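To be precise, the following lines are run_24.tsv, and they hold TSV, N, CA and C atoms and all ligand atoms.
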chain	number	residue	atom	x	y	z
A	1	MET	N	-75.03	1.73	24.53
A	1	MET	CA	-75.93	2.21	25.56
A	1	MET	C	-77.17	2.80	24.92
A	2	LEU	N	-78.26	2.81	25.68
A	2	LEU	CA	-79.52	3.34	25.18
A	2	LEU	C	-80.11	4.29	26.21
A	3	ASP	N	-80.45	5.52	25.76
A	3	ASP	CA	-81.05	6.52	26.65
A	3	ASP	C	-82.53	6.67	26.29
A	4	LEU	N	-83.39	6.41	27.26
A	4	LEU	CA	-84.84	6.48	27.02
A	4	LEU	C	-85.34	7.90	27.26
A	5	GLY	N	-85.97	8.50	26.26
A	5	GLY	CA	-86.45	9.87	26.39
A	5	GLY	C	-85.28	10.83	26.38
A	6	SER	N	-84.54	10.80	25.29
A	6	SER	CA	-83.22	11.46	25.24
A	6	SER	C	-83.27	12.98	25.12
A	7	GLY	N	-84.44	13.55	24.85
A	7	GLY	CA	-84.55	15.01	24.79
A	7	GLY	C	-83.55	15.62	23.82
A	8	ALA	N	-82.85	16.67	24.28
A	8	ALA	CA	-81.88	17.35	23.41
A	8	ALA	C	-80.54	16.61	23.34
A	9	GLY	N	-80.43	15.49	24.06
A	9	GLY	CA	-79.26	14.63	23.89
A	9	GLY	C	-78.22	14.67	25.00
A	10	ILE	N	-78.47	15.43	26.05
A	10	ILE	CA	-77.43	15.59	27.08
A	10	ILE	C	-76.96	14.26	27.67
A	11	GLY	N	-77.92	13.36	27.97
A	11	GLY	CA	-77.55	12.06	28.56
A	11	GLY	C	-76.74	11.22	27.59
A	12	VAL	N	-77.12	11.28	26.32
A	12	VAL	CA	-76.40	10.53	25.29
A	12	VAL	C	-74.97	11.04	25.17
A	13	PHE	N	-74.81	12.37	25.19
A	13	PHE	CA	-73.47	12.95	25.02
A	13	PHE	C	-72.59	12.63	26.23
A	14	ILE	N	-73.19	12.60	27.42
A	14	ILE	CA	-72.40	12.23	28.61
A	14	ILE	C	-72.02	10.75	28.54
A	15	ALA	N	-73.01	9.91	28.16
A	15	ALA	CA	-72.76	8.47	28.09
A	15	ALA	C	-71.68	8.15	27.05
A	16	ARG	N	-71.63	8.94	26.02
A	16	ARG	CA	-70.63	8.73	24.96
A	16	ARG	C	-69.22	8.70	25.55
A	17	GLY	N	-69.00	9.52	26.55
A	17	GLY	CA	-67.69	9.55	27.22
A	17	GLY	C	-67.37	8.23	27.92
A	18	LYS	N	-68.40	7.46	28.23
A	18	LYS	CA	-68.21	6.17	28.92
A	18	LYS	C	-67.96	5.02	27.94
A	19	VAL	N	-68.59	5.07	26.76
A	19	VAL	CA	-68.49	3.92	25.85
A	19	VAL	C	-67.24	4.00	24.96
A	20	GLY	N	-66.64	5.17	24.88
A	20	GLY	CA	-65.43	5.31	24.05
A	20	GLY	C	-65.76	5.34	22.57
A	21	GLU	N	-64.71	5.44	21.76
A	21	GLU	CA	-64.88	5.59	20.30
A	21	GLU	C	-65.47	4.33	19.67
A	22	SER	N	-65.21	3.16	20.26
A	22	SER	CA	-65.68	1.91	19.65
A	22	SER	C	-67.10	1.56	20.08
A	23	GLY	N	-67.61	2.28	21.08
A	23	GLY	CA	-68.98	2.01	21.54
A	23	GLY	C	-69.99	2.87	20.81
A	24	LYS	N	-71.25	2.69	21.17
A	24	LYS	CA	-72.31	3.46	20.51
A	24	LYS	C	-73.39	3.80	21.54
A	25	VAL	N	-73.94	4.99	21.42
A	25	VAL	CA	-75.06	5.39	22.29
A	25	VAL	C	-76.24	5.80	21.41
A	26	ILE	N	-77.40	5.24	21.75
A	26	ILE	CA	-78.63	5.56	21.01
A	26	ILE	C	-79.59	6.28	21.95
A	27	GLY	N	-80.20	7.34	21.47
A	27	GLY	CA	-81.26	8.02	22.21
A	27	GLY	C	-82.58	7.83	21.51
A	28	VAL	N	-83.63	7.53	22.28
A	28	VAL	CA	-84.98	7.40	21.71
A	28	VAL	C	-85.88	8.45	22.35
A	29	ASP	N	-86.62	9.15	21.52
A	29	ASP	CA	-87.57	10.14	22.03
A	29	ASP	C	-88.76	10.19	21.07
A	30	PHE	N	-89.97	10.40	21.61
A	30	PHE	CA	-91.13	10.41	20.72
A	30	PHE	C	-91.49	11.80	20.20
A	31	ALA	N	-90.71	12.82	20.59
A	31	ALA	CA	-90.98	14.18	20.11
A	31	ALA	C	-90.02	14.50	18.96
A	32	LYS	N	-90.61	14.71	17.77
A	32	LYS	CA	-89.80	14.97	16.58
A	32	LYS	C	-88.90	16.18	16.81
A	33	VAL	N	-89.45	17.20	17.48
A	33	VAL	CA	-88.70	18.43	17.71
A	33	VAL	C	-87.45	18.16	18.58
A	34	MET	N	-87.56	17.21	19.53
A	34	MET	CA	-86.40	16.90	20.38
A	34	MET	C	-85.35	16.10	19.59
A	35	ILE	N	-85.82	15.21	18.71
A	35	ILE	CA	-84.87	14.44	17.88
A	35	ILE	C	-84.11	15.41	16.97
A	36	GLU	N	-84.82	16.38	16.43
A	36	GLU	CA	-84.17	17.37	15.55
A	36	GLU	C	-83.14	18.18	16.34
A	37	LYS	N	-83.54	18.59	17.54
A	37	LYS	CA	-82.64	19.37	18.39
A	37	LYS	C	-81.39	18.55	18.74
A	38	ALA	N	-81.60	17.29	19.11
A	38	ALA	CA	-80.48	16.41	19.48
A	38	ALA	C	-79.55	16.20	18.28
A	39	ASN	N	-80.14	16.04	17.09
A	39	ASN	CA	-79.30	15.84	15.91
A	39	ASN	C	-78.50	17.09	15.57
A	40	LYS	N	-79.09	18.27	15.81
A	40	LYS	CA	-78.34	19.52	15.60
A	40	LYS	C	-77.16	19.57	16.56
A	41	ASN	N	-77.41	19.21	17.82
A	41	ASN	CA	-76.33	19.20	18.83
A	41	ASN	C	-75.24	18.20	18.46
A	42	LYS	N	-75.67	17.05	17.94
A	42	LYS	CA	-74.72	16.01	17.51
A	42	LYS	C	-73.78	16.56	16.43
A	43	VAL	N	-74.37	17.26	15.45
A	43	VAL	CA	-73.57	17.83	14.36
A	43	VAL	C	-72.60	18.88	14.92
A	44	LYS	N	-73.13	19.74	15.80
A	44	LYS	CA	-72.29	20.79	16.40
A	44	LYS	C	-71.09	20.19	17.11
A	45	LEU	N	-71.35	19.07	17.84
A	45	LEU	CA	-70.30	18.45	18.64
A	45	LEU	C	-69.40	17.55	17.80
A	46	GLY	N	-69.86	17.19	16.61
A	46	GLY	CA	-69.06	16.37	15.69
A	46	GLY	C	-68.96	14.91	16.11
A	47	TYR	N	-69.95	14.40	16.85
A	47	TYR	CA	-69.91	13.01	17.29
A	47	TYR	C	-70.45	12.08	16.21
A	48	LYS	N	-69.74	10.96	16.00
A	48	LYS	CA	-70.16	10.00	14.96
A	48	LYS	C	-70.86	8.78	15.56
A	49	ASN	N	-70.54	8.45	16.80
A	49	ASN	CA	-71.06	7.19	17.35
A	49	ASN	C	-72.28	7.37	18.26
A	50	VAL	N	-73.08	8.37	17.95
A	50	VAL	CA	-74.36	8.52	18.64
A	50	VAL	C	-75.47	8.60	17.59
A	51	GLU	N	-76.64	8.10	17.98
A	51	GLU	CA	-77.77	8.09	17.03
A	51	GLU	C	-79.05	8.41	17.79
A	52	PHE	N	-79.90	9.23	17.18
A	52	PHE	CA	-81.18	9.56	17.81
A	52	PHE	C	-82.31	9.00	16.96
A	53	ILE	N	-83.19	8.23	17.60
A	53	ILE	CA	-84.27	7.55	16.89
A	53	ILE	C	-85.61	8.01	17.43
A	54	LEU	N	-86.51	8.34	16.51
A	54	LEU	CA	-87.87	8.74	16.89
A	54	LEU	C	-88.64	7.48	17.29
A	55	GLY	N	-89.19	7.46	18.50
A	55	GLY	CA	-89.97	6.29	18.90
A	55	GLY	C	-90.49	6.43	20.31
A	56	ASP	N	-91.45	5.56	20.63
A	56	ASP	CA	-92.08	5.56	21.94
A	56	ASP	C	-91.38	4.52	22.82
A	57	ILE	N	-91.00	4.92	24.02
A	57	ILE	CA	-90.26	3.98	24.87
A	57	ILE	C	-91.15	2.86	25.42
A	58	GLU	N	-92.47	2.98	25.20
A	58	GLU	CA	-93.37	1.88	25.57
A	58	GLU	C	-93.34	0.78	24.49
A	59	ASN	N	-92.73	1.10	23.37
A	59	ASN	CA	-92.66	0.15	22.25
A	59	ASN	C	-91.37	0.45	21.49
A	60	LEU	N	-90.26	0.12	22.09
A	60	LEU	CA	-88.95	0.58	21.59
A	60	LEU	C	-88.59	0.06	20.19
A	61	PRO	N	-88.15	0.96	19.31
A	61	PRO	CA	-87.71	0.54	17.97
A	61	PRO	C	-86.27	0.02	18.01
A	62	ILE	N	-86.03	-0.93	18.90
A	62	ILE	CA	-84.68	-1.43	19.16
A	62	ILE	C	-84.75	-2.96	19.20
A	63	LEU	N	-83.74	-3.60	18.61
A	63	LEU	CA	-83.72	-5.06	18.57
A	63	LEU	C	-83.62	-5.67	19.97
A	64	SER	N	-84.22	-6.82	20.14
A	64	SER	CA	-84.14	-7.53	21.42
A	64	SER	C	-82.69	-7.94	21.70
A	65	GLU	N	-82.34	-7.92	22.97
A	65	GLU	CA	-81.01	-8.37	23.45
A	65	GLU	C	-79.86	-7.75	22.67
A	66	SER	N	-79.94	-6.42	22.46
A	66	SER	CA	-78.90	-5.75	21.66
A	66	SER	C	-78.16	-4.65	22.44
A	67	VAL	N	-78.57	-4.41	23.69
A	67	VAL	CA	-78.04	-3.26	24.44
A	67	VAL	C	-77.36	-3.72	25.73
A	68	ASP	N	-76.22	-3.08	26.05
A	68	ASP	CA	-75.51	-3.43	27.30
A	68	ASP	C	-76.05	-2.66	28.49
A	69	VAL	N	-76.36	-1.37	28.28
A	69	VAL	CA	-76.78	-0.51	29.39
A	69	VAL	C	-77.92	0.39	28.93
A	70	VAL	N	-78.98	0.46	29.74
A	70	VAL	CA	-80.08	1.41	29.49
A	70	VAL	C	-80.04	2.48	30.57
A	71	ILE	N	-80.17	3.73	30.15
A	71	ILE	CA	-80.25	4.84	31.11
A	71	ILE	C	-81.51	5.66	30.81
A	72	SER	N	-81.96	6.44	31.80
A	72	SER	CA	-83.09	7.33	31.56
A	72	SER	C	-83.13	8.38	32.66
A	73	ASN	N	-83.32	9.61	32.27
A	73	ASN	CA	-83.38	10.70	33.26
A	73	ASN	C	-84.66	11.50	33.09
A	74	TRP	N	-85.51	11.45	34.13
A	74	TRP	CA	-86.69	12.30	34.21
A	74	TRP	C	-87.64	12.07	33.02
A	75	VAL	N	-87.97	10.82	32.77
A	75	VAL	CA	-88.85	10.49	31.65
A	75	VAL	C	-89.95	9.50	32.07
A	76	ILE	N	-89.59	8.46	32.80
A	76	ILE	CA	-90.54	7.36	33.03
A	76	ILE	C	-91.76	7.84	33.83
A	77	ASN	N	-91.57	8.88	34.64
A	77	ASN	CA	-92.74	9.42	35.37
A	77	ASN	C	-93.79	9.98	34.41
A	78	LEU	N	-93.36	10.31	33.18
A	78	LEU	CA	-94.27	10.92	32.21
A	78	LEU	C	-95.04	9.87	31.39
A	79	VAL	N	-94.61	8.62	31.50
A	79	VAL	CA	-95.12	7.58	30.60
A	79	VAL	C	-96.38	6.93	31.16
A	80	HIS	N	-97.32	6.64	30.26
A	80	HIS	CA	-98.59	6.06	30.68
A	80	HIS	C	-98.40	4.70	31.35
A	81	SER	N	-97.76	3.75	30.65
A	81	SER	CA	-97.59	2.41	31.24
A	81	SER	C	-96.12	2.17	31.59
A	82	LYS	N	-95.80	2.35	32.87
A	82	LYS	CA	-94.43	2.09	33.33
A	82	LYS	C	-94.09	0.60	33.14
A	83	LYS	N	-95.13	-0.24	33.29
A	83	LYS	CA	-94.94	-1.70	33.14
A	83	LYS	C	-94.40	-2.02	31.74
A	84	LYS	N	-95.00	-1.36	30.73
A	84	LYS	CA	-94.56	-1.60	29.34
A	84	LYS	C	-93.11	-1.17	29.17
A	85	VAL	N	-92.75	-0.02	29.78
A	85	VAL	CA	-91.38	0.48	29.65
A	85	VAL	C	-90.40	-0.53	30.25
A	86	TYR	N	-90.72	-1.03	31.45
A	86	TYR	CA	-89.81	-2.00	32.09
A	86	TYR	C	-89.74	-3.29	31.27
A	87	HIS	N	-90.85	-3.68	30.69
A	87	HIS	CA	-90.86	-4.88	29.83
A	87	HIS	C	-89.91	-4.65	28.65
A	88	GLU	N	-89.98	-3.45	28.06
A	88	GLU	CA	-89.13	-3.12	26.92
A	88	GLU	C	-87.65	-3.06	27.32
A	89	ILE	N	-87.39	-2.51	28.52
A	89	ILE	CA	-86.00	-2.46	28.99
A	89	ILE	C	-85.43	-3.89	29.07
A	90	PHE	N	-86.20	-4.80	29.68
A	90	PHE	CA	-85.71	-6.18	29.82
A	90	PHE	C	-85.61	-6.87	28.46
A	91	ARG	N	-86.48	-6.51	27.52
A	91	ARG	CA	-86.42	-7.12	26.18
A	91	ARG	C	-85.15	-6.72	25.44
A	92	VAL	N	-84.80	-5.41	25.49
A	92	VAL	CA	-83.66	-4.95	24.67
A	92	VAL	C	-82.30	-5.23	25.31
A	93	LEU	N	-82.30	-5.41	26.65
A	93	LEU	CA	-81.01	-5.64	27.32
A	93	LEU	C	-80.45	-7.03	27.00
A	94	LYS	N	-79.14	-7.08	26.81
A	94	LYS	CA	-78.46	-8.37	26.67
A	94	LYS	C	-78.43	-9.03	28.03
A	95	SER	N	-78.23	-10.32	28.05
A	95	SER	CA	-78.07	-11.03	29.31
A	95	SER	C	-76.88	-10.42	30.06
A	96	GLY	N	-77.07	-10.08	31.32
A	96	GLY	CA	-75.98	-9.48	32.11
A	96	GLY	C	-75.92	-7.97	31.98
A	97	GLY	N	-76.79	-7.39	31.12
A	97	GLY	CA	-76.82	-5.93	30.98
A	97	GLY	C	-77.46	-5.29	32.20
A	98	HIS	N	-77.40	-3.98	32.29
A	98	HIS	CA	-78.04	-3.34	33.43
A	98	HIS	C	-78.68	-2.01	33.04
A	99	PHE	N	-79.53	-1.49	33.94
A	99	PHE	CA	-80.13	-0.19	33.67
A	99	PHE	C	-80.08	0.68	34.90
A	100	CYS	N	-80.11	1.99	34.65
A	100	CYS	CA	-79.99	2.97	35.73
A	100	CYS	C	-80.94	4.12	35.41
A	101	ILE	N	-81.84	4.38	36.36
A	101	ILE	CA	-82.88	5.38	36.11
A	101	ILE	C	-82.86	6.46	37.18
A	102	SER	N	-82.98	7.70	36.73
A	102	SER	CA	-83.11	8.81	37.67
A	102	SER	C	-84.46	9.45	37.38
A	103	ASP	N	-85.29	9.58	38.40
A	103	ASP	CA	-86.65	10.06	38.15
A	103	ASP	C	-87.30	10.49	39.46
A	104	VAL	N	-88.52	10.93	39.37
A	104	VAL	CA	-89.29	11.25	40.58
A	104	VAL	C	-90.31	10.14	40.82
A	105	SER	N	-90.63	9.89	42.08
A	105	SER	CA	-91.68	8.94	42.39
A	105	SER	C	-92.41	9.40	43.65
A	106	LEU	N	-93.61	8.88	43.82
A	106	LEU	CA	-94.40	9.23	45.01
A	106	LEU	C	-94.24	8.13	46.06
A	107	ASN	N	-94.06	8.50	47.31
A	107	ASN	CA	-94.09	7.47	48.35
A	107	ASN	C	-95.25	7.69	49.32
A	108	SER	N	-96.12	8.63	48.96
A	108	SER	CA	-97.37	8.79	49.70
A	108	SER	C	-98.36	9.51	48.79
A	109	ASP	N	-99.61	9.61	49.22
A	109	ASP	CA	-100.61	10.27	48.39
A	109	ASP	C	-100.32	11.76	48.31
A	110	LEU	N	-100.65	12.34	47.14
A	110	LEU	CA	-100.51	13.79	46.98
A	110	LEU	C	-101.63	14.50	47.74
A	111	PRO	N	-101.35	15.63	48.37
A	111	PRO	CA	-102.41	16.39	49.02
A	111	PRO	C	-103.45	16.85	47.99
A	112	LYS	N	-104.71	16.90	48.40
A	112	LYS	CA	-105.79	17.26	47.49
A	112	LYS	C	-105.53	18.62	46.82
A	113	GLY	N	-104.97	19.55	47.57
A	113	GLY	CA	-104.69	20.89	47.04
A	113	GLY	C	-103.80	20.84	45.82
A	114	ILE	N	-102.91	19.85	45.77
A	114	ILE	CA	-102.01	19.72	44.60
A	114	ILE	C	-102.72	18.94	43.50
A	115	LEU	N	-103.45	17.89	43.88
A	115	LEU	CA	-104.17	17.08	42.88
A	115	LEU	C	-105.14	17.93	42.06
A	116	ASP	N	-105.69	18.95	42.69
A	116	ASP	CA	-106.68	19.78	42.01
A	116	ASP	C	-106.06	20.79	41.04
A	117	ILE	N	-104.73	20.93	41.07
A	117	ILE	CA	-104.07	21.89	40.16
A	117	ILE	C	-103.61	21.13	38.91
A	118	VAL	N	-104.27	21.37	37.79
A	118	VAL	CA	-103.99	20.62	36.56
A	118	VAL	C	-102.51	20.68	36.20
A	119	GLU	N	-101.89	21.85	36.34
A	119	GLU	CA	-100.49	22.02	35.94
A	119	GLU	C	-99.56	21.12	36.77
A	120	MET	N	-99.95	20.77	37.96
A	120	MET	CA	-99.10	19.95	38.83
A	120	MET	C	-99.14	18.48	38.42
B	201	LIG	C1	-88.02	16.06	31.04
B	201	LIG	S1	-87.44	15.63	29.40
B	201	LIG	C2	-85.89	14.81	29.83
B	201	LIG	C3	-84.94	14.77	28.66
B	201	LIG	C4	-83.57	14.14	28.92
B	201	LIG	N1	-83.70	12.78	29.43
B	201	LIG	C5	-82.74	14.98	29.86
B	201	LIG	O1	-82.39	14.53	30.93
B	201	LIG	O2	-82.42	16.13	29.47
B	201	LIG	C6	-88.54	14.28	28.99
B	201	LIG	C7	-88.34	13.73	27.57
B	201	LIG	O3	-89.00	12.48	27.47
B	201	LIG	C8	-89.65	12.39	26.23
B	201	LIG	N2	-90.74	11.40	26.38
B	201	LIG	C9	-91.79	11.43	27.24
B	201	LIG	N3	-92.56	10.34	27.10
B	201	LIG	C10	-91.98	9.57	26.13
B	201	LIG	C11	-92.30	8.33	25.52
B	201	LIG	N4	-93.38	7.63	25.89
B	201	LIG	N5	-91.48	7.84	24.57
B	201	LIG	C12	-90.38	8.55	24.18
B	201	LIG	N6	-90.01	9.73	24.72
B	201	LIG	C13	-90.81	10.24	25.68
B	201	LIG	C14	-90.10	13.82	25.94
B	201	LIG	O4	-90.35	14.04	24.58
B	201	LIG	C15	-88.91	14.63	26.48
B	201	LIG	O5	-87.94	14.86	25.49
Let me see the structure of the file written as structure tokens.
Amino acid sequence: MLDLGSGAGIGVFIARGKVGESGKVIGVDFAKVMIEKANKNKVKLGYKNVEFILGDIENLPILSESVDVVISNWVINLVHSKKKVYHEIFRVLKSGGHFCISDVSLNSDLPKGILDIVEM
């Protein structure tokens, strides 16, 4: 399994319970500090079959057609080109693989009062 924007590793550690000892879960994140944090958590938990890789999910450092399942939680909304991310998801998935994303999306225009607040 592959977790896009894995942060401190929570999604990877949960997914690990699904793939079992013979499976493998990879997390990709472009923030060095998050990869370091995730690796510290990995050591603390003593997991061997998880790996955290520094990289941009718009250009995944993952071989084509090598992944059974892609997951992502609260990341794709942050990415500049969602199209590139979906292209990458389809590239790395094996035939018959699937993906599951949890995120926020807009279904109408944001009110001007919110658009004008940089932090929002
Ligand atoms: C809101 S956090 C979510 C972390 C994790 N998925 C979770 O559920 O705890 C967003 C993460 O996405 C990463 N991220 C954002 N854009 C990214 C990109 N283009 N490529 C890789 N990682 C990215 C950030 O560094 C951050 O760790």
**OP:** Kindly indicate which residue among A:Val50, A:Ile35, A:Ile89, A:Val69 lies nearest to ligand LIG 201 (chain B), using all atoms listed in the file for the distances.
**Re:** A:Ile35
Quick one: axis-aligned box around all listed atoms of ligand LIG 201 (chain B), 3 Å on every side, centre and edge lengths in Å to one decimal, written as lines of an AutoDock Vina configuration file.
center_x = -87.9
center_y = 11.9
center_z = 27.6
size_x = 17.0
size_y = 14.5
size_z = 12.9
Original post:
If we count all atoms listed in the file, what is near Cys100 (chain A) at a cut-off of 6 Å, once residues fewer than 5 positions away on the same chain are taken out, given as a ChimeraX atom specification?
Top reply: /A:70-72
Subject >> A:Ile26, A:Ile10, A:Leu54, A:Leu4 ranked by distance to Tyr86 (chain A), top pick (using only C-alpha atoms) >> reply: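 Checking each candidate against Tyr86 (chain A), we get A:Leu4 as the closest.
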Subject >> Using all atoms listed in the file: which of A:Ala15, A:Ile53, A:Val85, A:Leu45 has the shortest distance to Ala31 (chain A) >> reply: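 Of A:Ala15, A:Ile53, A:Val85, A:Leu45, the one nearest Ala31 (chain A) is A:Ile53, counting all atoms listed in the file.
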Subject >> Shell of 7 Å around ligand LIG 201 (chain B) (only N, CA and C atoms and all ligand atoms), written as a ChimeraX atom specification >> reply: /A:3-11,28-32,34,55-59,72-76,78-80
Subject >> For CA of Arg91 (chain A) and atom N of Gly23 (chain A), the interatomic separation in Å (one decimal) >> reply: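 Value for the CA of Arg91 (chain A)-atom N of Gly23 (chain A) distance: 21.6 Å.
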**OP:** Go through A:Ile62, A:Val67, A:Val25, A:Val118 one by one, measure the shortest atom-to-atom distance of each to Gly97 (chain A) using only C-alpha atoms, and give the residue with the smallest value.
**Re:**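 Ranking A:Ile62, A:Val67, A:Val25, A:Val118 by distance to Gly97 (chain A), first place goes to A:Val67.
Taking the backbone of this structure through DSSP, the residues of region 47-102 of chain A that come out as alpha helix (DSSP H) are A:Lys82, A:Lys83, A:Lys84, A:Val85, A:Tyr86, A:His87, A:Glu88, A:Ile89, A:Phe90, A:Arg91, A:Val92.
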Could you go through chain A and tell me which residues DSSP, when run on the backbone, assigns to strand (DSSP E), listing them as a tab-separated table (two decimals) with N, CA and C atoms, in the frame of the given file?
chain	number	residue	atom	x	y	z
A	2	LEU	N	-78.26	2.81	25.68
A	2	LEU	CA	-79.52	3.34	25.18
A	2	LEU	C	-80.11	4.29	26.21
A	3	ASP	N	-80.45	5.52	25.76
A	3	ASP	CA	-81.05	6.52	26.65
A	3	ASP	C	-82.53	6.67	26.29
A	4	LEU	N	-83.39	6.41	27.26
A	4	LEU	CA	-84.84	6.48	27.02
A	4	LEU	C	-85.34	7.90	27.26
A	25	VAL	N	-73.94	4.99	21.42
A	25	VAL	CA	-75.06	5.39	22.29
A	25	VAL	C	-76.24	5.80	21.41
A	26	ILE	N	-77.40	5.24	21.75
A	26	ILE	CA	-78.63	5.56	21.01
A	26	ILE	C	-79.59	6.28	21.95
A	27	GLY	N	-80.20	7.34	21.47
A	27	GLY	CA	-81.26	8.02	22.21
A	27	GLY	C	-82.58	7.83	21.51
A	28	VAL	N	-83.63	7.53	22.28
A	28	VAL	CA	-84.98	7.40	21.71
A	28	VAL	C	-85.88	8.45	22.35
A	29	ASP	N	-86.62	9.15	21.52
A	29	ASP	CA	-87.57	10.14	22.03
A	29	ASP	C	-88.76	10.19	21.07
A	50	VAL	N	-73.08	8.37	17.95
A	50	VAL	CA	-74.36	8.52	18.64
A	50	VAL	C	-75.47	8.60	17.59
A	51	GLU	N	-76.64	8.10	17.98
A	51	GLU	CA	-77.77	8.09	17.03
A	51	GLU	C	-79.05	8.41	17.79
A	52	PHE	N	-79.90	9.23	17.18
A	52	PHE	CA	-81.18	9.56	17.81
A	52	PHE	C	-82.31	9.00	16.96
A	53	ILE	N	-83.19	8.23	17.60
A	53	ILE	CA	-84.27	7.55	16.89
A	53	ILE	C	-85.61	8.01	17.43
A	54	LEU	N	-86.51	8.34	16.51
A	54	LEU	CA	-87.87	8.74	16.89
A	54	LEU	C	-88.64	7.48	17.29
A	67	VAL	N	-78.57	-4.41	23.69
A	67	VAL	CA	-78.04	-3.26	24.44
A	67	VAL	C	-77.36	-3.72	25.73
A	68	ASP	N	-76.22	-3.08	26.05
A	68	ASP	CA	-75.51	-3.43	27.30
A	68	ASP	C	-76.05	-2.66	28.49
A	69	VAL	N	-76.36	-1.37	28.28
A	69	VAL	CA	-76.78	-0.51	29.39
A	69	VAL	C	-77.92	0.39	28.93
A	70	VAL	N	-78.98	0.46	29.74
A	70	VAL	CA	-80.08	1.41	29.49
A	70	VAL	C	-80.04	2.48	30.57
A	71	ILE	N	-80.17	3.73	30.15
A	71	ILE	CA	-80.25	4.84	31.11
A	71	ILE	C	-81.51	5.66	30.81
A	72	SER	N	-81.96	6.44	31.80
A	72	SER	CA	-83.09	7.33	31.56
A	72	SER	C	-83.13	8.38	32.66
A	73	ASN	N	-83.32	9.61	32.27
A	73	ASN	CA	-83.38	10.70	33.26
A	73	ASN	C	-84.66	11.50	33.09
A	93	LEU	N	-82.30	-5.41	26.65
A	93	LEU	CA	-81.01	-5.64	27.32
A	93	LEU	C	-80.45	-7.03	27.00
A	94	LYS	N	-79.14	-7.08	26.81
A	94	LYS	CA	-78.46	-8.37	26.67
A	94	LYS	C	-78.43	-9.03	28.03
A	95	SER	N	-78.23	-10.32	28.05
A	95	SER	CA	-78.07	-11.03	29.31
A	95	SER	C	-76.88	-10.42	30.06
A	96	GLY	N	-77.07	-10.08	31.32
A	96	GLY	CA	-75.98	-9.48	32.11
A	96	GLY	C	-75.92	-7.97	31.98
A	97	GLY	N	-76.79	-7.39	31.12
A	97	GLY	CA	-76.82	-5.93	30.98
A	97	GLY	C	-77.46	-5.29	32.20
A	98	HIS	N	-77.40	-3.98	32.29
A	98	HIS	CA	-78.04	-3.34	33.43
A	98	HIS	C	-78.68	-2.01	33.04
A	99	PHE	N	-79.53	-1.49	33.94
A	99	PHE	CA	-80.13	-0.19	33.67
A	99	PHE	C	-80.08	0.68	34.90
A	100	CYS	N	-80.11	1.99	34.65
A	100	CYS	CA	-79.99	2.97	35.73
A	100	CYS	C	-80.94	4.12	35.41
A	101	ILE	N	-81.84	4.38	36.36
A	101	ILE	CA	-82.88	5.38	36.11
A	101	ILE	C	-82.86	6.46	37.18
A	102	SER	N	-82.98	7.70	36.73
A	102	SER	CA	-83.11	8.81	37.67
A	102	SER	C	-84.46	9.45	37.38
**OP:** Quote the spacing between atom C of Gly27 (chain A) and CA of Ser81 (chain A) in Å to one decimal place.
**Re:** 18.7 Å
Original post:
Using all atoms listed in the file, can you list as a count of residues only the residues within 6 Å of (-82.9, -4.9, 23.7)?
Top reply: 11
Subject >> Between CA of Lys82 (chain A) and CA of Asn107 (chain A), distance in Å (one decimal) >> reply: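 For CA of Lys82 (chain A) relative to CA of Asn107 (chain A), the distance reads 16.0 Å.
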Original post:
A:Leu110, A:Lys24, A:Phe13, A:Glu88: which is nearest Gly46 (chain A), counting only C-alpha atoms?
Top reply: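 Ranking A:Leu110, A:Lys24, A:Phe13, A:Glu88 by distance to Gly46 (chain A), first place goes to A:Phe13.
The environment of Asn77 (chain A) within 8 Å, counting only C-alpha atoms and disregarding residues fewer than 6 places along the same chain, consists of Asp103, Val104 and Ser105 of chain A.
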Subject >> Counting only C-alpha atoms, the residue of A:Met120, A:Lys83, A:Leu115, A:Gly20 that sits nearest Lys48 (chain A) >> reply: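 Of A:Met120, A:Lys83, A:Leu115, A:Gly20, the one nearest Lys48 (chain A), counting only C-alpha atoms, is A:Gly20.
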